[in-house]
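Below is protein-v5.pdb, which holds PDB, C-alpha atoms, pLDDT in the B column.
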```pdb
ATOM      1  CA  MET A  16      10.534  17.258  14.197  1.00 59.00           C
ATOM      2  CA  GLY A  17       7.206  16.094  15.538  1.00 71.00           C
ATOM      3  CA  GLU A  18       4.960  17.939  13.064  1.00 90.00           C
ATOM      4  CA  SER A  19       2.880  15.843  10.655  1.00 94.00           C
ATOM      5  CA  PHE A  20       3.283  16.060   6.904  1.00 95.00           C
ATOM      6  CA  PHE A  21       1.796  13.935   4.145  1.00 97.00           C
ATOM      7  CA  LEU A  22       3.381  11.804   1.434  1.00 97.00           C
ATOM      8  CA  ARG A  23       1.287  10.546  -1.457  1.00 97.00           C
ATOM      9  CA  MET A  24       1.958   7.535  -3.646  1.00 97.00           C
ATOM     10  CA  SER A  25      -0.023   5.766  -6.340  1.00 96.00           C
ATOM     11  CA  GLN A  26       0.460   2.782  -8.602  1.00 96.00           C
ATOM     12  CA  ASP A  27      -1.555   1.563 -11.588  1.00 92.00           C
ATOM     13  CA  SER A  28      -2.010  -2.098 -12.468  1.00 89.00           C
ATOM     14  CA  ASN A  29      -3.370  -3.647 -15.632  1.00 79.00           C
ATOM     15  CA  GLY A  30      -4.104  -6.894 -13.824  1.00 75.00           C
ATOM     16  CA  ALA A  31      -1.710  -8.932 -15.941  1.00 72.00           C
ATOM     17  CA  THR A  32       1.481  -8.521 -13.905  1.00 83.00           C
ATOM     18  CA  TYR A  33       2.711  -7.250 -10.547  1.00 92.00           C
ATOM     19  CA  ALA A  34       3.339  -3.492 -10.775  1.00 94.00           C
ATOM     20  CA  GLU A  35       5.530  -1.495  -8.407  1.00 97.00           C
ATOM     21  CA  GLY A  36       6.455   2.150  -7.959  1.00 97.00           C
ATOM     22  CA  SER A  37       8.766   3.854  -5.492  1.00 97.00           C
ATOM     23  CA  GLU A  38       9.030   7.003  -3.396  1.00 97.00           C
ATOM     24  CA  ASP A  39      12.424   8.525  -2.627  1.00 96.00           C
ATOM     25  CA  LEU A  40      12.729   9.296   1.098  1.00 95.00           C
ATOM     26  CA  GLY A  41      16.313  10.569   0.919  1.00 91.00           C
ATOM     27  CA  SER A  42      15.349  14.081   2.065  1.00 91.00           C
ATOM     28  CA  TYR A  43      13.821  12.694   5.281  1.00 90.00           C
ATOM     29  CA  ILE A  44      16.321   9.963   6.186  1.00 89.00           C
ATOM     30  CA  ASN A  45      19.781  10.754   7.529  1.00 87.00           C
ATOM     31  CA  LEU A  46      21.753   7.930   9.103  1.00 81.00           C
ATOM     32  CA  GLY A  47      24.951   9.611  10.254  1.00 78.00           C
ATOM     33  CA  PRO A  48      27.505   8.700  12.937  1.00 75.00           C
ATOM     34  CA  LYS A  49      26.616  11.674  15.164  1.00 76.00           C
ATOM     35  CA  SER A  50      22.950  12.350  14.443  1.00 79.00           C
ATOM     36  CA  SER A  51      20.357  10.284  12.643  1.00 87.00           C
ATOM     37  CA  THR A  52      16.806  10.987  11.529  1.00 91.00           C
ATOM     38  CA  GLY A  53      14.120   8.668  10.271  1.00 91.00           C
ATOM     39  CA  LEU A  54      10.501   8.786   9.222  1.00 93.00           C
ATOM     40  CA  ARG A  55       7.593   7.701  11.401  1.00 93.00           C
ATOM     41  CA  ILE A  56       4.429   6.734   9.513  1.00 94.00           C
ATOM     42  CA  LYS A  57       1.526   7.555  11.805  1.00 93.00           C
ATOM     43  CA  ASN A  58      -1.452   6.705   9.565  1.00 91.00           C
ATOM     44  CA  ILE A  59      -2.222   5.438   6.080  1.00 93.00           C
ATOM     45  CA  ALA A  60      -5.320   6.114   4.002  1.00 91.00           C
ATOM     46  CA  VAL A  61      -5.880   3.923   0.924  1.00 91.00           C
ATOM     47  CA  SER A  62      -8.148   4.155  -2.097  1.00 90.00           C
ATOM     48  CA  ILE A  63      -8.564   1.575  -4.858  1.00 89.00           C
ATOM     49  CA  LEU A  64     -10.146   3.122  -7.940  1.00 87.00           C
ATOM     50  CA  ASP A  65     -10.370   3.134 -11.723  1.00 83.00           C
ATOM     51  CA  HIS A  66      -7.058   4.603 -12.921  1.00 84.00           C
ATOM     52  CA  ASP A  67      -8.425   7.456 -15.028  1.00 84.00           C
ATOM     53  CA  ASN A  68     -11.753   8.242 -13.381  1.00 84.00           C
ATOM     54  CA  PRO A  69     -12.180   7.924  -9.610  1.00 85.00           C
ATOM     55  CA  SER A  70     -15.977   7.891  -9.915  1.00 84.00           C
ATOM     56  CA  THR A  71     -16.061   4.922 -12.313  1.00 78.00           C
ATOM     57  CA  PRO A  72     -16.697   1.554 -10.624  1.00 75.00           C
ATOM     58  CA  LEU A  73     -14.147  -1.241 -10.900  1.00 77.00           C
ATOM     59  CA  ILE A  74     -15.470  -3.881 -13.291  1.00 73.00           C
ATOM     60  CA  SER A  75     -13.922  -7.254 -14.036  1.00 74.00           C
ATOM     61  CA  SER A  76     -14.902 -10.196 -16.193  1.00 72.00           C
ATOM     62  CA  ALA A  77     -14.271 -12.794 -13.449  1.00 74.00           C
ATOM     63  CA  ASP A  78     -13.894 -13.149  -9.686  1.00 77.00           C
ATOM     64  CA  THR A  79     -10.745 -11.276  -8.741  1.00 80.00           C
ATOM     65  CA  ALA A  80      -8.942  -9.240  -6.112  1.00 83.00           C
ATOM     66  CA  VAL A  81      -6.736  -6.173  -5.867  1.00 88.00           C
ATOM     67  CA  TYR A  82      -3.804  -6.643  -3.482  1.00 91.00           C
ATOM     68  CA  TRP A  83      -1.503  -3.770  -2.516  1.00 93.00           C
ATOM     69  CA  GLN A  84       1.612  -3.685  -0.375  1.00 95.00           C
ATOM     70  CA  LEU A  85       3.871  -0.948   0.959  1.00 95.00           C
ATOM     71  CA  THR A  86       7.374  -2.320   1.517  1.00 95.00           C
ATOM     72  CA  THR A  87      10.863  -1.166   2.458  1.00 94.00           C
ATOM     73  CA  SER A  88      12.497  -3.228  -0.305  1.00 95.00           C
ATOM     74  CA  SER A  89      11.627  -3.824  -3.942  1.00 97.00           C
ATOM     75  CA  GLN A  90       9.596  -6.959  -4.705  1.00 97.00           C
ATOM     76  CA  THR A  91       8.921  -8.889  -7.902  1.00 96.00           C
ATOM     77  CA  ALA A  92       5.584 -10.283  -6.697  1.00 95.00           C
ATOM     78  CA  SER A  93       3.150  -9.999  -3.811  1.00 93.00           C
ATOM     79  CA  VAL A  94       4.500 -11.076  -0.440  1.00 95.00           C
ATOM     80  CA  TYR A  95       2.722 -12.005   2.773  1.00 91.00           C
ATOM     81  CA  PRO A  96       2.496  -9.478   5.624  1.00 88.00           C
ATOM     82  CA  THR A  97       4.878 -11.715   7.578  1.00 90.00           C
ATOM     83  CA  ASP A  98       7.681 -10.584   5.233  1.00 93.00           C
ATOM     84  CA  LYS A  99       9.669  -8.078   7.312  1.00 90.00           C
ATOM     85  CA  SER A 100       9.828  -5.599   4.435  1.00 93.00           C
ATOM     86  CA  VAL A 101       6.028  -5.122   4.596  1.00 93.00           C
ATOM     87  CA  VAL A 102       4.944  -1.887   6.247  1.00 93.00           C
ATOM     88  CA  ALA A 103       1.264  -2.246   5.325  1.00 92.00           C
ATOM     89  CA  SER A 104      -0.906  -4.232   2.927  1.00 91.00           C
ATOM     90  CA  GLY A 105      -4.501  -4.864   1.994  1.00 89.00           C
ATOM     91  CA  ILE A 106      -6.796  -6.684  -0.396  1.00 86.00           C
ATOM     92  CA  VAL A 107     -10.210  -6.003  -1.875  1.00 85.00           C
ATOM     93  CA  GLN A 108     -12.085  -8.905  -3.442  1.00 81.00           C
ATOM     94  CA  LEU A 109     -14.570  -8.541  -6.292  1.00 78.00           C
ATOM     95  CA  GLY A 110     -17.118 -11.187  -7.211  1.00 76.00           C
ATOM     96  CA  PHE A 111     -18.419 -11.443 -10.760  1.00 68.00           C
ATOM     97  CA  SER A 112     -21.730 -12.758 -11.944  1.00 63.00           C
ATOM     98  CA  ALA A 113     -22.883 -13.420 -15.489  1.00 58.00           C
ATOM     99  CA  ILE A 114     -26.270 -12.180 -14.293  1.00 55.00           C
ATOM    100  CA  GLY A 115     -25.127  -9.341 -12.041  1.00 49.00           C
ATOM    101  CA  TYR A 116     -27.316  -6.848 -10.208  1.00 49.00           C
ATOM    102  CA  SER A 117     -30.987  -6.655 -11.174  1.00 48.00           C
ATOM    103  CA  GLY A 118     -30.592  -9.126 -14.012  1.00 45.00           C
ATOM    104  CA  GLY A 119     -27.943  -7.044 -15.800  1.00 49.00           C
ATOM    105  CA  SER A 120     -25.231  -8.888 -17.676  1.00 52.00           C
ATOM    106  CA  GLY A 121     -21.540  -9.005 -16.820  1.00 56.00           C
ATOM    107  CA  LYS A 122     -21.383  -6.948 -13.637  1.00 58.00           C
ATOM    108  CA  ASN A 123     -19.599  -7.329 -10.326  1.00 58.00           C
ATOM    109  CA  ASN A 124     -22.108  -8.472  -7.757  1.00 60.00           C
ATOM    110  CA  TYR A 125     -20.042  -7.793  -4.658  1.00 65.00           C
ATOM    111  CA  ILE A 126     -16.948  -5.982  -3.495  1.00 69.00           C
ATOM    112  CA  SER A 127     -15.486  -6.966  -0.140  1.00 69.00           C
ATOM    113  CA  ASP A 128     -12.550  -6.038   2.050  1.00 66.00           C
ATOM    114  CA  ARG A 129     -13.391  -8.877   4.493  1.00 60.00           C
ATOM    115  CA  ALA A 130     -10.244 -10.883   3.678  1.00 60.00           C
ATOM    116  CA  ASP A 131      -8.072  -7.973   4.861  1.00 67.00           C
ATOM    117  CA  VAL A 132      -9.889  -4.976   6.243  1.00 59.00           C
ATOM    118  CA  LEU A 133      -6.892  -2.746   5.486  1.00 60.00           C
ATOM    119  CA  PRO A 134      -6.250  -1.712   9.097  1.00 62.00           C
ATOM    120  CA  GLN A 135      -3.126   0.317   9.677  1.00 70.00           C
ATOM    121  CA  HIS A 136      -3.210   1.030  13.411  1.00 74.00           C
ATOM    122  CA  TRP A 137       0.057   1.561  15.225  1.00 79.00           C
ATOM    123  CA  THR A 138       0.297   2.889  18.759  1.00 84.00           C
ATOM    124  CA  ASN A 139       3.603   4.677  18.139  1.00 85.00           C
ATOM    125  CA  GLY A 140       3.667   4.737  14.348  1.00 88.00           C
ATOM    126  CA  TYR A 141       5.905   2.724  12.029  1.00 90.00           C
ATOM    127  CA  LEU A 142       9.555   3.806  11.984  1.00 90.00           C
ATOM    128  CA  ILE A 143      11.290   3.892   8.596  1.00 92.00           C
ATOM    129  CA  ALA A 144      15.050   4.295   8.065  1.00 89.00           C
ATOM    130  CA  VAL A 145      15.424   3.346   4.389  1.00 91.00           C
ATOM    131  CA  ASP A 146      15.837   5.735   1.451  1.00 92.00           C
ATOM    132  CA  THR A 147      12.950   4.317  -0.583  1.00 96.00           C
ATOM    133  CA  LEU A 148       9.441   2.963  -0.027  1.00 97.00           C
ATOM    134  CA  TYR A 149       7.789   0.713  -2.628  1.00 98.00           C
ATOM    135  CA  LEU A 150       4.090   0.470  -3.448  1.00 98.00           C
ATOM    136  CA  GLY A 151       3.189  -2.746  -5.241  1.00 97.00           C
ATOM    137  CA  VAL A 152      -0.161  -3.706  -6.768  1.00 95.00           C
ATOM    138  CA  ASP A 153      -1.296  -7.099  -8.005  1.00 91.00           C
ATOM    139  CA  CYS A 154      -4.690  -8.032  -9.445  1.00 86.00           C
ATOM    140  CA  GLY A 155      -6.093 -11.509  -9.908  1.00 77.00           C
ATOM    141  CA  VAL A 156      -7.309 -10.874 -13.461  1.00 73.00           C
ATOM    142  CA  ALA A 157      -7.508  -7.915 -15.780  1.00 65.00           C
ATOM    143  CA  PHE A 158     -10.206  -5.344 -15.162  1.00 71.00           C
ATOM    144  CA  THR A 159     -12.192  -3.544 -17.829  1.00 71.00           C
ATOM    145  CA  ASP A 160      -9.888  -0.599 -17.122  1.00 76.00           C
ATOM    146  CA  ASP A 161      -6.616  -0.323 -15.170  1.00 84.00           C
ATOM    147  CA  VAL A 162      -6.769  -0.077 -11.378  1.00 88.00           C
ATOM    148  CA  LYS A 163      -5.082   2.714  -9.400  1.00 91.00           C
ATOM    149  CA  VAL A 164      -4.130   2.215  -5.762  1.00 93.00           C
ATOM    150  CA  SER A 165      -3.424   5.534  -4.055  1.00 94.00           C
ATOM    151  CA  ILE A 166      -2.160   5.988  -0.523  1.00 95.00           C
ATOM    152  CA  VAL A 167      -1.672   9.008   1.694  1.00 95.00           C
ATOM    153  CA  LEU A 168       0.868   8.601   4.492  1.00 95.00           C
ATOM    154  CA  GLU A 169       0.721  10.846   7.553  1.00 95.00           C
ATOM    155  CA  CYS A 170       4.368  11.095   8.628  1.00 95.00           C
ATOM    156  CA  GLU A 171       6.737  12.913  10.917  1.00 95.00           C
ATOM    157  CA  GLN A 172      10.498  13.147  10.906  1.00 94.00           C
ATOM    158  CA  VAL A 173      12.026  11.737  14.104  1.00 92.00           C
ATOM    159  CA  LYS A 174      15.434  11.547  15.684  1.00 90.00           C
ATOM    160  CA  ILE A 175      16.809   7.997  15.688  1.00 86.00           C
ATOM    161  CA  THR A 176      17.910   7.059  19.202  1.00 80.00           C
ATOM    162  CA  GLN A 177      19.524   3.874  20.446  1.00 77.00           C
ATOM    163  CA  ALA A 178      16.132   2.646  21.710  1.00 75.00           C
ATOM    164  CA  ASN A 179      14.214   3.146  18.467  1.00 73.00           C
ATOM    165  CA  ALA A 180      17.188   1.924  16.388  1.00 72.00           C
ATOM    166  CA  THR A 181      16.957  -1.353  18.290  1.00 73.00           C
ATOM    167  CA  ALA A 182      13.193  -1.528  17.750  1.00 71.00           C
ATOM    168  CA  LEU A 183      13.708  -0.762  14.066  1.00 73.00           C
ATOM    169  CA  ALA A 184      16.327  -3.502  13.703  1.00 69.00           C
ATOM    170  CA  LEU A 185      14.065  -6.073  15.390  1.00 68.00           C
ATOM    171  CA  SER A 186      11.025  -5.260  13.262  1.00 69.00           C
ATOM    172  CA  GLN A 187      12.654  -5.051   9.833  1.00 65.00           C
ATOM    173  CA  THR A 188      15.421  -7.644   9.732  1.00 54.00           C
TER     174      THR A 188
END
```

Starting from the file, lay out its structure as structure tokens.
Amino acid sequence: MGESFFLRMSQDSNGATYAEGSEDLGSYINLGPKSSTGLRIKNIAVSILDHDNPSTPLISSADTAVYWQLTTSSQTASVYPTDKSVVASGIVQLGFSAIGYSGGSGKNNYISDRADVLPQHWTNGYLIAVDTLYLGVDCGVAFTDDVKVSIVLECEQVKITQANATALALSQT
């Protein structure tokens, strides 16, 4: 315990409906009567890219956004960060112009993360004691190609004590 390891998750979205995938954490979580272990997420890195070519720009036919959320319970739609199942979330907004850059037609003319700058800063990490994490993606409108949200979680396995069990219960219920 105490050594970092990395979990990777990704989820595609076609922009028409909320899409969600899951990651089984059963090999890291053990909630037993004598000894319990959980997962501490220390950092999260996120990328939002074209689903089959990471060097292709995201292009839409209207103003839109890509919203992602990492949660401890399955969702059927996007939820606000105030929902206690939310571990982390973020949004990138894309503005469309019929004129576009340099007079070109049908191009995005800005991409911004100003609505949610995707910060995931925790002093002591984020303690997880559920068997599954869920990555959900929702887009405002369809893109020219599907969007892929990929995340890398820096984690460590930790012993669950009475003190962090209490903190866990307060933050996720």

Report task. Could you expand the PyMOL selection byres ((chain A and resi 171) around 7) into the explicit residues it covers here, written as a PyMOL selection string? Result -> chain A and resi 16-20+54-56+170+172-173

Could you take the residues named above and write them with C-alpha atoms, as a compact mmCIF listing (two decimals), in the coordinates of the input?
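What ended up in selection-v7.txt:
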```txt
# COMPACT_ATOMS: atom_id res chain seq x y z
CA MET A 16 10.53 17.26 14.20
CA GLY A 17 7.21 16.09 15.54
CA GLU A 18 4.96 17.94 13.06
CA SER A 19 2.88 15.84 10.66
CA PHE A 20 3.28 16.06 6.90
CA LEU A 54 10.50 8.79 9.22
CA ARG A 55 7.59 7.70 11.40
CA ILE A 56 4.43 6.73 9.51
CA CYS A 170 4.37 11.10 8.63
CA GLN A 172 10.50 13.15 10.91
CA VAL A 173 12.03 11.74 14.10
```

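Distance annotation: of A:Thr176, A:Ser76, A:Ser89, A:Thr181, the residue with the minimal separation from Lys49 in chain A is A:Thr176; atom set is all atoms listed in the file.
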
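The nearest approach to Ser100 in chain A among the residues A:Ala80, A:Ile44, A:Leu64, A:Val145, with only C-alpha atoms taken into account, belongs to A:Val145.
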
Non-local contacts of Val61 in chain A (10 Å; all atoms listed in the file; under 5 positions in same chain excluded) as an mmCIF file with C-alpha atoms, in the frame of the given file:
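In the end it all went to result16.cif:
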```cif
data_model
loop_
_atom_site.group_PDB
_atom_site.id
_atom_site.type_symbol
_atom_site.label_atom_id
_atom_site.label_comp_id
_atom_site.auth_asym_id
_atom_site.auth_seq_id
_atom_site.Cartn_x
_atom_site.Cartn_y
_atom_site.Cartn_z
ATOM 1 C CA MET A 24 1.958 7.535 -3.646
ATOM 2 C CA SER A 25 -0.023 5.766 -6.340
ATOM 3 C CA TRP A 83 -1.503 -3.770 -2.516
ATOM 4 C CA SER A 104 -0.906 -4.232 2.927
ATOM 5 C CA GLY A 105 -4.501 -4.864 1.994
ATOM 6 C CA LEU A 133 -6.892 -2.746 5.486
ATOM 7 C CA PRO A 134 -6.250 -1.712 9.097
ATOM 8 C CA GLN A 135 -3.126 0.317 9.677
ATOM 9 C CA VAL A 164 -4.130 2.215 -5.762
ATOM 10 C CA SER A 165 -3.424 5.534 -4.055
ATOM 11 C CA ILE A 166 -2.160 5.988 -0.523
ATOM 12 C CA VAL A 167 -1.672 9.008 1.694
ATOM 13 C CA LEU A 168 0.868 8.601 4.492
#
```

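For the pair CA of His136 in chain A and CA of Lys57 in chain A, the interatomic distance is 8.2 Å.
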
Requested in this report: Could you list the residues chosen by the PyMOL selection byres ((chain A and resi 150-162) around 6) in this structure as JSON, numbers by chain?
Outcome: {"A": [27, 28, 29, 30, 31, 33, 34, 35, 36, 64, 65, 66, 74, 75, 79, 80, 81, 82, 83, 84, 85, 149, 163]}

I'd like to see the residues matched by the PyMOL selection byres ((chain A and resi 143) around 12) on this file, and ideally I'd get them as a compact mmCIF listing (two decimals) with C-alpha atoms, in the coordinates of the input.
```
# COMPACT_ATOMS: atom_id res chain seq x y z
CA LEU A 40 12.73 9.30 1.10
CA GLY A 41 16.31 10.57 0.92
CA TYR A 43 13.82 12.69 5.28
CA ILE A 44 16.32 9.96 6.19
CA ASN A 45 19.78 10.75 7.53
CA LEU A 46 21.75 7.93 9.10
CA SER A 51 20.36 10.28 12.64
CA THR A 52 16.81 10.99 11.53
CA GLY A 53 14.12 8.67 10.27
CA LEU A 54 10.50 8.79 9.22
CA ARG A 55 7.59 7.70 11.40
CA ILE A 56 4.43 6.73 9.51
CA LYS A 57 1.53 7.56 11.80
CA LEU A 85 3.87 -0.95 0.96
CA THR A 86 7.37 -2.32 1.52
CA THR A 87 10.86 -1.17 2.46
CA SER A 88 12.50 -3.23 -0.30
CA SER A 100 9.83 -5.60 4.43
CA VAL A 101 6.03 -5.12 4.60
CA VAL A 102 4.94 -1.89 6.25
CA GLY A 140 3.67 4.74 14.35
CA TYR A 141 5.90 2.72 12.03
CA LEU A 142 9.56 3.81 11.98
CA ALA A 144 15.05 4.30 8.06
CA VAL A 145 15.42 3.35 4.39
CA ASP A 146 15.84 5.74 1.45
CA THR A 147 12.95 4.32 -0.58
CA LEU A 148 9.44 2.96 -0.03
CA CYS A 170 4.37 11.10 8.63
CA GLU A 171 6.74 12.91 10.92
CA GLN A 172 10.50 13.15 10.91
CA VAL A 173 12.03 11.74 14.10
CA LYS A 174 15.43 11.55 15.68
CA ILE A 175 16.81 8.00 15.69
CA ASN A 179 14.21 3.15 18.47
CA ALA A 180 17.19 1.92 16.39
CA ALA A 182 13.19 -1.53 17.75
CA LEU A 183 13.71 -0.76 14.07
CA ALA A 184 16.33 -3.50 13.70
CA SER A 186 11.02 -5.26 13.26
CA GLN A 187 12.65 -5.05 9.83
```

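Of the residues under consideration (A:Thr138, A:Ala178, A:Ser37, A:Gln108), A:Gln108 shows the shortest atom-to-atom contact distance to Asp78 in chain A when counting only C-alpha atoms.
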
Report task. Quick one: pull the distance between CA of Glu38 in chain A and CA of Arg23 in chain A, Å, one decimal. Result -> 8.7 Å

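What separates CA of Gly47 in chain A from CA of Phe21 in chain A is a distance of 24.3 Å.
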